[in-house]
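K.L.:
Take this structure first; my questions come after.
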Amino acid sequence: MRRSFPLTYRIQSVRERNKYLSYVSLLLSTQDNTFHQKNEKTFTCSIKDTMKALYCQQNSAGEEIAFVFQERENLPVTRDNDVKIQVKACALSWTDIKLLSELKMKKEFLPVGREIAGVVLEVGSKVSFFQPDDEVVGILPLDSEESGLCEVALVHEHYLVHKPEKVPWVEAAGTIRDGLRAYTALHYLSHVSPGKTVLVMDGASVGTRQPLIARVIDVSNGKIDVAESCLEETGGLGVDIVLDAGVRLYSKEDESTLKPQLLPHKHDIITLLSVGGHWVTTEKNLQLDPPDSHCLFLKGATVSFLNDEVWNLSNVQQGKYLCILEDVMEKLSNSIFRPQLDEPVPLYEAKVSMEIVQKNQARKRQVIQF
């Protein structure tokens, strides 16, 4: 049965001609593509044999990562549970080569672009939730062979949800992962509820803004003590939930060249936590000394690691995962989620944009529009 969403988001109209202009520069280099100009306002494009997709390449450990366009044959026959999608937008995320290597998923060419939104072209015989012409959005799994930065992609139906009709393609693709991170951090790891105080050390740690923080503390000049300011704001009680975007593990002298000095020290976070508080961290190499653990024990506080990839590492979580994606789209359509997106760029600029994302130089979410 098809799932429905409230449609309250303001639509953004786009001329038919502009939908295809971003294709031209990339596809003119492919001899097997033919273009037919019908009139001054519209184009039609038929792809005969090959398409181009973006991949990540690293030949040896320590070598700089390169992003390359690869010619690929037309997609194989749609399998029973597969959905063939015409990609309309694809958001760019940092590629964690080390994680893929640890999970034995690393290969010479890694597909790039996993958050996609598009139109269903064809469905497999056992697909129950989708049909041709449905508008969908989803996140490709870590072990996917498909690149989201391609005109057409094959995706298992369990990684997709319906996109509300009036949510623009770019916003759908650009919000889906950040919404998942926000949900994972706030609802499933820290169990946020009314009356809780929440400190987000960096808005990018959960990506999409939610109406949770009443005051912003500017620490960019390095003159503000985070722990002292938070204790002052809460009357000495501390903060119930802390979400970080990384922490410093050592003193400034020992870590001056390893981490940005604007990141909080782990001692500061432990200090500002309230009794029974929750610390959600993105620091994968977090080290807690015995005094740190003892302080957390005295407060009855917990530490959780934010890794949104865990949802697809076990099929047991699949139903809960899809419910999260559905709710993210519903909140986006109701303007509860307000994504921070950069201007969309065409496919032929995806390589440059992905290099910026991989170097952590992008200030806002980068989205490729087809």
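Residues are referred to by chain and number: the chain letter is A, B, ... according to the order shown in the structure tokens, the number counts from 1 in that chain, and ligands are numbered separately from 1 in the order shown.
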Excluding same-chain residues fewer than 6 positions from Val345 in chain A, what lies within 12 Å of it counting only C-alpha atoms, as a list in words?
P.N.:
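Counting only the stated atoms, we get Lys19, Leu21, Ser22, Tyr23, Lys88, Ala89, Cys90, Ala91, Leu92, Leu149, Val170, Lys351, Val352, Ser353, Met354, Arg365, Gln366, Val367, Ile368, Gln369 and Phe370 of chain A.
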K.L.:
Any idea what's packed within 12 Å of Phe297 in chain A, counting only C-alpha atoms, ignoring anything in its chain fewer than 6 positions away? Could you give it as a list in words?
P.N.:
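Those residues are Ile270, Leu273, Ser274, Val275, Gly276, Gly277, Pro290, Pro291 and Val303 of chain A.
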K.L.:
From range 104-295 of chain A, collect each residue whose DSSP state is helix (DSSP H, G or I) and return the set as a PyMOL selection string.
P.N.:
chain A and resi 157-159+169-189+203-205+226-233+252-255+266-272+290-295
K.L.:
Counting only C-alpha atoms, figure out which residue out of A:Ile176, A:Leu288, A:Leu243, A:Val192 gets nearest to Phe337 in chain A.
P.N.:
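Of A:Ile176, A:Leu288, A:Leu243, A:Val192, the one nearest Phe337 in chain A, counting only C-alpha atoms, is A:Ile176.
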K.L.:
Within 8 Å of Leu140 in chain A, counting only C-alpha atoms, which residues qualify if same-chain residues fewer than 2 places away don't, as JSON, numbers by chain?
P.N.:
{"A": [114, 115, 116, 138, 142, 144, 146, 148, 155, 159]}
K.L.:
Find the residue from A:Ala66, A:Val137, A:Ala362, A:Ala172 that sits nearest to Phe109 in chain A; use only C-alpha atoms when measuring.
P.N.:
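Checking each of A:Ala66, A:Val137, A:Ala362, A:Ala172 against Phe109 in chain A, counting only C-alpha atoms, the winner is A:Ala66.
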K.L.:
Considering only C-alpha atoms, state which residue in the set A:Gly179, A:Gly319, A:Glu102, A:Glu108 is at the smallest distance from Arg338 in chain A.
P.N.:
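Of the candidates, the smallest distance to Arg338 in chain A is held by A:Gly179.
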K.L.:
Determine the nearest neighbour of Asp327 in chain A from the options A:Gln70, A:Ser93, A:Gln58, A:Thr175, counting only C-alpha atoms.
P.N.:
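Nearest candidate to Asp327 in chain A out of A:Gln70, A:Ser93, A:Gln58, A:Thr175: A:Thr175.
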